[in-house]
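Here's target-v7.cif, which has mmCIF, C-alpha atoms and all ligand atoms:
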data_entry
#
loop_
_atom_site.label_atom_id
_atom_site.label_comp_id
_atom_site.auth_asym_id
_atom_site.auth_seq_id
_atom_site.Cartn_x
_atom_site.Cartn_y
_atom_site.Cartn_z
CA MET A 1 11.21 13.29 -17.27
CA SER A 2 14.62 11.68 -17.17
CA GLN A 3 16.03 8.27 -16.41
CA ASN A 4 18.81 9.80 -14.35
CA THR A 5 19.32 8.39 -10.93
CA ASP A 6 21.00 11.29 -9.17
CA VAL A 7 18.12 12.07 -6.79
CA ARG A 8 19.23 11.42 -3.19
CA ILE A 9 16.98 11.31 -0.11
CA LYS A 10 19.66 13.17 1.89
CA ASP A 11 18.93 16.35 -0.10
CA PHE A 12 15.28 16.56 0.98
CA LYS A 13 13.51 17.52 4.22
CA ARG A 14 9.97 16.16 3.82
CA VAL A 15 9.91 12.85 1.95
CA LEU A 16 6.74 10.97 1.05
CA PHE A 17 6.92 7.34 -0.09
CA PHE A 18 3.81 6.43 -2.08
CA THR A 19 3.82 2.64 -2.24
CA GLY A 20 1.99 -0.20 -3.95
CA ALA A 21 2.09 -3.98 -4.20
CA GLY A 22 5.34 -4.00 -6.21
CA LEU A 23 7.20 -2.92 -3.07
CA SER A 24 6.20 -6.18 -1.33
CA ALA A 25 6.92 -8.42 -4.34
CA ALA A 26 10.43 -9.18 -3.02
CA SER A 27 8.85 -10.25 0.29
CA GLY A 28 6.97 -12.99 -1.56
CA ILE A 29 3.58 -11.25 -1.68
CA PRO A 30 2.05 -11.38 -5.18
CA THR A 31 1.11 -8.11 -6.86
CA TYR A 32 -2.50 -7.65 -7.97
CA ARG A 33 -1.83 -7.15 -11.70
CA GLY A 34 0.79 -8.38 -14.10
CA LYS A 35 2.33 -11.87 -14.17
CA GLY A 36 1.03 -14.08 -11.34
CA GLY A 37 -1.12 -11.24 -10.02
CA THR A 38 -3.88 -11.95 -7.48
CA TRP A 39 -6.59 -10.74 -9.87
CA SER A 40 -5.45 -13.24 -12.49
CA GLN A 41 -6.28 -16.04 -10.01
CA TYR A 42 -9.30 -14.60 -8.21
CA ASN A 43 -12.34 -12.65 -9.35
CA TRP A 44 -12.57 -9.69 -6.96
CA GLN A 45 -16.33 -9.47 -7.58
CA GLU A 46 -16.62 -12.82 -5.76
CA CYS A 47 -14.21 -12.25 -2.87
CA ALA A 48 -13.30 -8.61 -2.35
CA CYS A 49 -16.34 -6.35 -2.41
CA GLN A 50 -19.27 -5.59 -0.07
CA GLU A 51 -21.81 -7.26 -2.38
CA ALA A 52 -19.90 -10.57 -2.29
CA PHE A 53 -19.53 -10.23 1.49
CA ASP A 54 -23.26 -9.67 1.97
CA LYS A 55 -24.03 -12.69 -0.24
CA GLU A 56 -21.34 -15.15 0.92
CA PRO A 57 -19.37 -13.89 3.96
CA GLU A 58 -17.74 -17.31 4.48
CA ARG A 59 -16.29 -17.28 0.95
CA VAL A 60 -14.95 -13.75 1.34
CA TRP A 61 -13.40 -14.72 4.66
CA GLU A 62 -11.86 -17.85 3.09
CA PHE A 63 -10.13 -15.63 0.49
CA HIS A 64 -8.90 -13.21 3.16
CA ASN A 65 -7.77 -16.01 5.49
CA VAL A 66 -5.70 -17.50 2.66
CA ARG A 67 -4.06 -14.08 2.22
CA ARG A 68 -3.60 -13.51 5.98
CA THR A 69 -1.93 -16.91 6.27
CA ALA A 70 0.36 -16.24 3.28
CA VAL A 71 1.30 -12.70 4.38
CA ALA A 72 1.86 -13.75 8.00
CA GLY A 73 4.85 -15.76 6.76
CA CYS A 74 6.40 -12.80 4.90
CA GLU A 75 9.01 -10.38 6.16
CA PRO A 76 9.83 -6.80 5.14
CA ASN A 77 12.46 -6.66 2.38
CA ASP A 78 15.50 -4.39 1.97
CA ALA A 79 13.36 -1.68 0.38
CA HIS A 80 10.91 -1.58 3.32
CA ARG A 81 13.86 -1.41 5.69
CA ALA A 82 15.59 1.34 3.70
CA ILE A 83 12.38 3.41 3.77
CA ALA A 84 12.15 2.96 7.55
CA ARG A 85 15.80 4.07 7.95
CA CYS A 86 15.35 7.31 5.93
CA GLY A 87 13.96 9.17 8.92
CA GLU A 88 16.38 7.79 11.52
CA ASP A 89 18.98 10.59 11.29
CA GLY A 90 16.35 13.12 12.35
CA GLN A 91 17.19 15.28 9.34
CA ARG A 92 13.89 14.88 7.55
CA ARG A 93 10.25 13.94 8.04
CA VAL A 94 9.35 10.68 6.29
CA THR A 95 5.72 9.74 5.62
CA VAL A 96 4.55 6.53 3.97
CA VAL A 97 1.26 6.63 2.09
CA THR A 98 0.62 3.04 1.12
CA GLN A 99 -2.02 1.17 -0.86
CA ASN A 100 -0.69 -2.04 0.67
CA ILE A 101 -2.60 -3.88 3.38
CA ASP A 102 0.21 -6.24 4.45
CA GLY A 103 1.56 -4.21 7.38
CA LEU A 104 5.19 -4.69 6.25
CA HIS A 105 6.06 -0.98 6.48
CA GLN A 106 5.18 -1.01 10.18
CA LYS A 107 6.98 -4.33 10.65
CA ALA A 108 10.11 -2.75 9.06
CA GLY A 109 9.96 0.11 11.59
CA SER A 110 8.32 2.95 9.61
CA LYS A 111 6.58 5.21 12.11
CA GLU A 112 4.28 7.41 10.01
CA VAL A 113 2.27 5.03 7.78
CA ILE A 114 -1.05 6.02 6.22
CA GLU A 115 -2.93 2.95 4.96
CA LEU A 116 -5.17 4.18 2.14
CA HIS A 117 -6.73 0.76 1.57
CA GLY A 118 -6.91 -0.49 5.16
CA SER A 119 -5.18 -3.49 6.66
CA LEU A 120 -5.38 -7.26 6.42
CA TRP A 121 -4.73 -7.24 10.19
CA ARG A 122 -7.73 -5.11 11.18
CA LEU A 123 -11.37 -6.20 11.49
CA ARG A 124 -14.40 -3.94 11.33
CA ALA A 125 -17.59 -4.62 13.29
CA PRO A 126 -21.00 -3.64 11.87
CA ASP A 127 -20.99 -0.52 14.10
CA GLY A 128 -17.78 0.62 12.38
CA SER A 129 -15.51 -0.04 15.33
CA THR A 130 -12.27 -1.79 14.44
CA VAL A 131 -9.86 -4.12 16.18
CA GLU A 132 -6.36 -5.35 15.27
CA ASN A 133 -6.20 -9.13 15.02
CA PHE A 134 -3.13 -11.10 14.00
CA ASP A 135 -4.56 -14.60 14.56
CA VAL A 136 -3.93 -16.79 11.57
CA PRO A 137 -6.17 -18.20 10.32
CA LEU A 138 -8.88 -16.12 11.90
CA THR A 139 -11.46 -18.32 13.58
CA ALA A 140 -13.84 -16.04 15.53
CA LEU A 141 -15.46 -14.31 12.57
CA ARG A 142 -18.50 -12.97 14.35
CA ALA A 143 -18.67 -9.57 16.02
CA PRO A 144 -20.13 -9.39 19.55
CA ALA A 145 -23.49 -8.43 18.03
CA GLY A 146 -23.57 -11.80 16.27
CA HIS A 147 -22.96 -10.24 12.89
CA TRP A 148 -19.91 -10.95 10.74
CA TRP A 149 -16.75 -8.97 11.27
CA ARG A 150 -15.50 -7.75 7.88
CA PRO A 151 -11.86 -7.14 6.92
CA ASP A 152 -11.08 -3.43 7.46
CA ILE A 153 -9.93 -3.20 3.85
CA THR A 154 -11.09 -0.75 1.16
CA TRP A 155 -12.74 -3.06 -1.36
CA PHE A 156 -13.68 -2.15 -4.90
CA GLY A 157 -16.66 0.17 -4.68
CA ASP A 158 -15.88 1.25 -1.10
CA ALA A 159 -15.12 4.88 -0.27
CA LEU A 160 -11.66 5.45 1.17
CA ASN A 161 -11.41 6.12 4.90
CA GLU A 162 -11.96 9.88 5.37
CA LYS A 163 -9.19 10.22 8.01
CA ALA A 164 -6.68 8.45 5.74
CA ILE A 165 -7.55 10.81 2.87
CA GLN A 166 -7.10 13.89 5.08
CA MET A 167 -3.76 12.67 6.46
CA ALA A 168 -2.56 11.76 2.95
CA ALA A 169 -3.63 15.16 1.59
CA ALA A 170 -1.68 16.95 4.34
CA ALA A 171 1.44 14.92 3.50
CA LEU A 172 1.03 15.30 -0.29
CA THR A 173 0.73 19.09 -0.14
CA THR A 174 3.75 19.58 2.14
CA CYS A 175 6.34 17.05 0.90
CA ASP A 176 9.34 18.24 -1.12
CA LEU A 177 10.01 14.76 -2.55
CA LEU A 178 7.49 12.06 -3.50
CA VAL A 179 8.89 8.62 -4.36
CA SER A 180 6.27 6.34 -5.90
CA ILE A 181 7.30 2.69 -5.58
CA GLY A 182 5.61 -0.36 -7.10
CA THR A 183 2.20 0.90 -8.12
CA SER A 184 0.50 0.49 -11.49
CA ALA A 185 -1.33 3.83 -11.01
CA VAL A 186 -4.67 2.47 -12.26
CA VAL A 187 -6.85 2.49 -9.11
CA TYR A 188 -8.43 5.83 -8.16
CA PRO A 189 -8.53 7.98 -6.08
CA ALA A 190 -5.10 6.75 -4.89
CA ALA A 191 -3.65 6.84 -8.43
CA GLN A 192 -4.03 10.60 -8.76
CA MET A 193 -2.36 11.43 -5.43
CA PRO A 194 1.15 11.99 -6.89
CA VAL A 195 -0.43 14.73 -9.07
CA VAL A 196 -1.36 16.61 -5.87
CA ALA A 197 2.27 16.53 -4.70
CA LYS A 198 3.47 17.71 -8.12
CA GLN A 199 1.01 20.63 -8.09
CA ALA A 200 2.35 21.53 -4.64
CA GLY A 201 5.88 21.74 -6.04
CA ALA A 202 7.43 18.44 -4.96
CA THR A 203 10.07 16.57 -6.94
CA LEU A 204 8.55 13.32 -8.20
CA VAL A 205 10.37 10.01 -8.67
CA GLU A 206 8.71 6.86 -10.05
CA VAL A 207 10.25 3.49 -9.14
CA ASN A 208 8.81 0.73 -11.29
CA PRO A 209 10.41 -1.71 -13.74
CA GLU A 210 7.52 -0.84 -16.08
CA ALA A 211 6.01 2.44 -17.25
CA THR A 212 2.58 3.41 -15.89
CA PRO A 213 -0.20 5.74 -17.13
CA LEU A 214 1.21 8.41 -14.82
CA SER A 215 4.91 8.06 -15.77
CA ASP A 216 4.93 11.33 -17.73
CA ILE A 217 4.24 13.48 -14.66
CA TYR A 218 7.42 12.27 -12.91
CA ASP A 219 10.65 14.29 -12.93
CA VAL A 220 12.67 11.08 -12.72
CA THR A 221 11.72 7.49 -13.55
CA MET A 222 13.83 4.63 -12.20
CA ARG A 223 13.07 1.55 -14.30
CA MET A 224 14.30 -0.91 -11.71
CA THR A 225 13.08 -2.78 -8.65
CA ALA A 226 12.30 -1.13 -5.33
CA GLU A 227 15.35 -2.71 -3.72
CA GLU A 228 17.73 -1.48 -6.43
CA ALA A 229 16.27 2.04 -6.44
CA MET A 230 16.33 2.43 -2.66
CA LYS A 231 20.05 1.57 -2.64
CA LEU A 232 20.71 4.50 -5.02
CA LEU A 233 18.24 6.93 -3.40
CA CYS A 234 19.71 6.33 0.06
CA GLU A 235 23.33 6.93 -0.92
CA GLY A 236 24.99 9.34 1.50
CA LEU A 237 22.47 8.76 4.29
N1 LIG B 301 9.80 -3.14 -7.51
C1 LIG B 301 9.03 -2.10 -7.93
N2 LIG B 301 7.89 -2.25 -8.64
C2 LIG B 301 7.51 -3.51 -8.94
C3 LIG B 301 8.25 -4.65 -8.54
C4 LIG B 301 9.45 -4.42 -7.79
N3 LIG B 301 10.24 -5.44 -7.38
N4 LIG B 301 7.59 -5.76 -8.99
C5 LIG B 301 6.49 -5.32 -9.65
N5 LIG B 301 6.43 -3.98 -9.63
C6 LIG B 301 5.39 -3.08 -10.17
C7 LIG B 301 4.64 -3.61 -11.38
O1 LIG B 301 5.28 -3.23 -12.59
C8 LIG B 301 3.27 -2.91 -11.23
O2 LIG B 301 3.26 -1.68 -11.95
O3 LIG B 301 4.43 -2.95 -9.16
C9 LIG B 301 3.15 -2.63 -9.74
C10 LIG B 301 2.08 -3.43 -9.04
O4 LIG B 301 0.83 -3.03 -9.56
P1 LIG B 301 -0.53 -3.62 -8.94
O5 LIG B 301 -0.41 -5.09 -8.81
O6 LIG B 301 -1.66 -3.04 -9.71
O7 LIG B 301 -0.53 -3.05 -7.43
P2 LIG B 301 -1.06 -1.64 -6.92
O8 LIG B 301 -0.73 -0.55 -7.88
O9 LIG B 301 -0.59 -1.50 -5.53
O10 LIG B 301 -2.67 -1.84 -6.91
C11 LIG B 301 -3.44 -0.75 -6.42
O11 LIG B 301 -5.43 -2.10 -6.66
O12 LIG B 301 -6.41 -4.18 -6.40
C12 LIG B 301 -6.33 -2.91 -5.87
O13 LIG B 301 -6.63 -2.26 -3.63
C13 LIG B 301 -5.76 -2.96 -4.47
O14 LIG B 301 -4.16 -1.49 -3.40
C14 LIG B 301 -4.43 -2.22 -4.59
C15 LIG B 301 -4.68 -1.29 -5.76
#
Using the file provided, produce a representation of the structure as structure tokens.
Amino acid sequence: MSQNTDVRIKDFKRVLFFTGAGLSAASGIPTYRGKGGTWSQYNWQECACQEAFDKEPERVWEFHNVRRTAVAGCEPNDAHRAIARCGEDGQRRVTVVTQNIDGLHQKAGSKEVIELHGSLWRLRAPDGSTVENFDVPLTALRAPAGHWWRPDITWFGDALNEKAIQMAAAALTTCDLLVSIGTSAVVYPAAQMPVVAKQAGATLVEVNPEATPLSDIYDVTMRMTAEEAMKLLCEGL
């Protein structure tokens, strides 16, 4: 593992950006852990799991409406935009595998985005069907069947969406560069995904101002913010 910063996106053909909440920090969206993190202000057992939703759907929706309202006012930052530009010259395939639910990759123009943990902007009816909904705050909270819509987000204790896992696995086993940006690497199964890319022979870069439990598997660690790292990684594009 080295701190060098001479990896450049232009030298790779199949790039996978593996992103977490730290990527959206510069857009004004709090991370989950660390200083000012969401989980230091809220108890996820009361507002972000199926059990809480079954017990008090209104309270869970209040938490998610507060987040929808906050995120609706946020824009992609320079790092989101740099990621979206990486594929524009047609010289490489760029896939984003994100743990984020804020939709900012899509808003920045990224085309291939796999949302491992769902989306703040999608609702799921009891029959499993989903619908995009950008109303803020959400008012009609009941599905046609009179039950509650739930946020189409992977809560603690939920299984990940099978299709998302399959798409992520295909990207992880075929990329030649994986750039992990802004994740604390503590929530599984997402946290172990960079290991799959490493075993498949990809070059691994970690972008995070702090070390994580997975830092040792990376070929290069860039102890800086997403915006600073993307400037360096995109040189020559
Ligand atoms: N640039 C890059 N990294 C940053 C920046 C920045 N500007 N600011 C903070 N970070 C790093 C922090 O050092 C931290 O390691 O981003 C990471 C954010 O970690 P978490 O808040 O744990 O976010 P994440 O890893 O995405 O959480 C994973 O946990 O709560 C669940 O489902 C939720 O998807 C989420 C999952």
Would you name the residues within 7 Å of ligand LIG 301 (chain B), counting all atoms listed in the file, and put them as an NGL selection string?
:A and (19-23 or 25-26 or 31-34 or 37 or 99-100 or 117 or 154-155 or 181-187 or 207-210 or 212 or 224-227)
Self-check item: Who sits within 12 Å of Glu62 in chain A, only C-alpha atoms, same chain under 2 positions skipped, as a VMD selection string
Solution: chain A and resid 46 to 48 53 56 to 60 64 to 69 136 to 139 141 150 to 151
Writer output for current selection, C-alpha atoms, as a PDB file, in the coordinates of the input:
ATOM      1  CA  GLU A  46     -16.620 -12.820  -5.760  1.00  0.00           C
ATOM      2  CA  CYS A  47     -14.210 -12.250  -2.870  1.00  0.00           C
ATOM      3  CA  ALA A  48     -13.300  -8.610  -2.350  1.00  0.00           C
ATOM      4  CA  PHE A  53     -19.530 -10.230   1.490  1.00  0.00           C
ATOM      5  CA  GLU A  56     -21.340 -15.150   0.920  1.00  0.00           C
ATOM      6  CA  PRO A  57     -19.370 -13.890   3.960  1.00  0.00           C
ATOM      7  CA  GLU A  58     -17.740 -17.310   4.480  1.00  0.00           C
ATOM      8  CA  ARG A  59     -16.290 -17.280   0.950  1.00  0.00           C
ATOM      9  CA  VAL A  60     -14.950 -13.750   1.340  1.00  0.00           C
ATOM     10  CA  HIS A  64      -8.900 -13.210   3.160  1.00  0.00           C
ATOM     11  CA  ASN A  65      -7.770 -16.010   5.490  1.00  0.00           C
ATOM     12  CA  VAL A  66      -5.700 -17.500   2.660  1.00  0.00           C
ATOM     13  CA  ARG A  67      -4.060 -14.080   2.220  1.00  0.00           C
ATOM     14  CA  ARG A  68      -3.600 -13.510   5.980  1.00  0.00           C
ATOM     15  CA  THR A  69      -1.930 -16.910   6.270  1.00  0.00           C
ATOM     16  CA  VAL A 136      -3.930 -16.790  11.570  1.00  0.00           C
ATOM     17  CA  PRO A 137      -6.170 -18.200  10.320  1.00  0.00           C
ATOM     18  CA  LEU A 138      -8.880 -16.120  11.900  1.00  0.00           C
ATOM     19  CA  THR A 139     -11.460 -18.320  13.580  1.00  0.00           C
ATOM     20  CA  LEU A 141     -15.460 -14.310  12.570  1.00  0.00           C
ATOM     21  CA  ARG A 150     -15.500  -7.750   7.880  1.00  0.00           C
ATOM     22  CA  PRO A 151     -11.860  -7.140   6.920  1.00  0.00           C
TER      23      PRO A 151
END
The residue from A:Ala170, A:Ala108, A:Ile153, A:Cys234 with the smallest atom-to-atom distance to Thr95 in chain A, counting all atoms listed in the file, is A:Ala170
query: Which value, in Å to one decimal, gives the distance between CA of Ala197 in chain A and CA of Asp102 in chain A?
result: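 Going from CA of Ala197 in chain A over to CA of Asp102 in chain A, I get 24.6 Å.
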I'd like the neighbourhood of Val96 in chain A as an mmCIF file with C-alpha atoms, in the coordinates of the input, where a residue qualifies if any of its atoms comes within 7 Å (using all atoms listed in the file), though same-chain residues fewer than 6 positions away should be ignored.
data_model
loop_
_atom_site.group_PDB
_atom_site.id
_atom_site.type_symbol
_atom_site.label_atom_id
_atom_site.label_comp_id
_atom_site.auth_asym_id
_atom_site.auth_seq_id
_atom_site.Cartn_x
_atom_site.Cartn_y
_atom_site.Cartn_z
ATOM 1 C CA LEU A 16 6.740 10.970 1.050
ATOM 2 C CA PHE A 17 6.920 7.340 -0.090
ATOM 3 C CA PHE A 18 3.810 6.430 -2.080
ATOM 4 C CA GLU A 112 4.280 7.410 10.010
ATOM 5 C CA VAL A 113 2.270 5.030 7.780
ATOM 6 C CA ILE A 114 -1.050 6.020 6.220
#
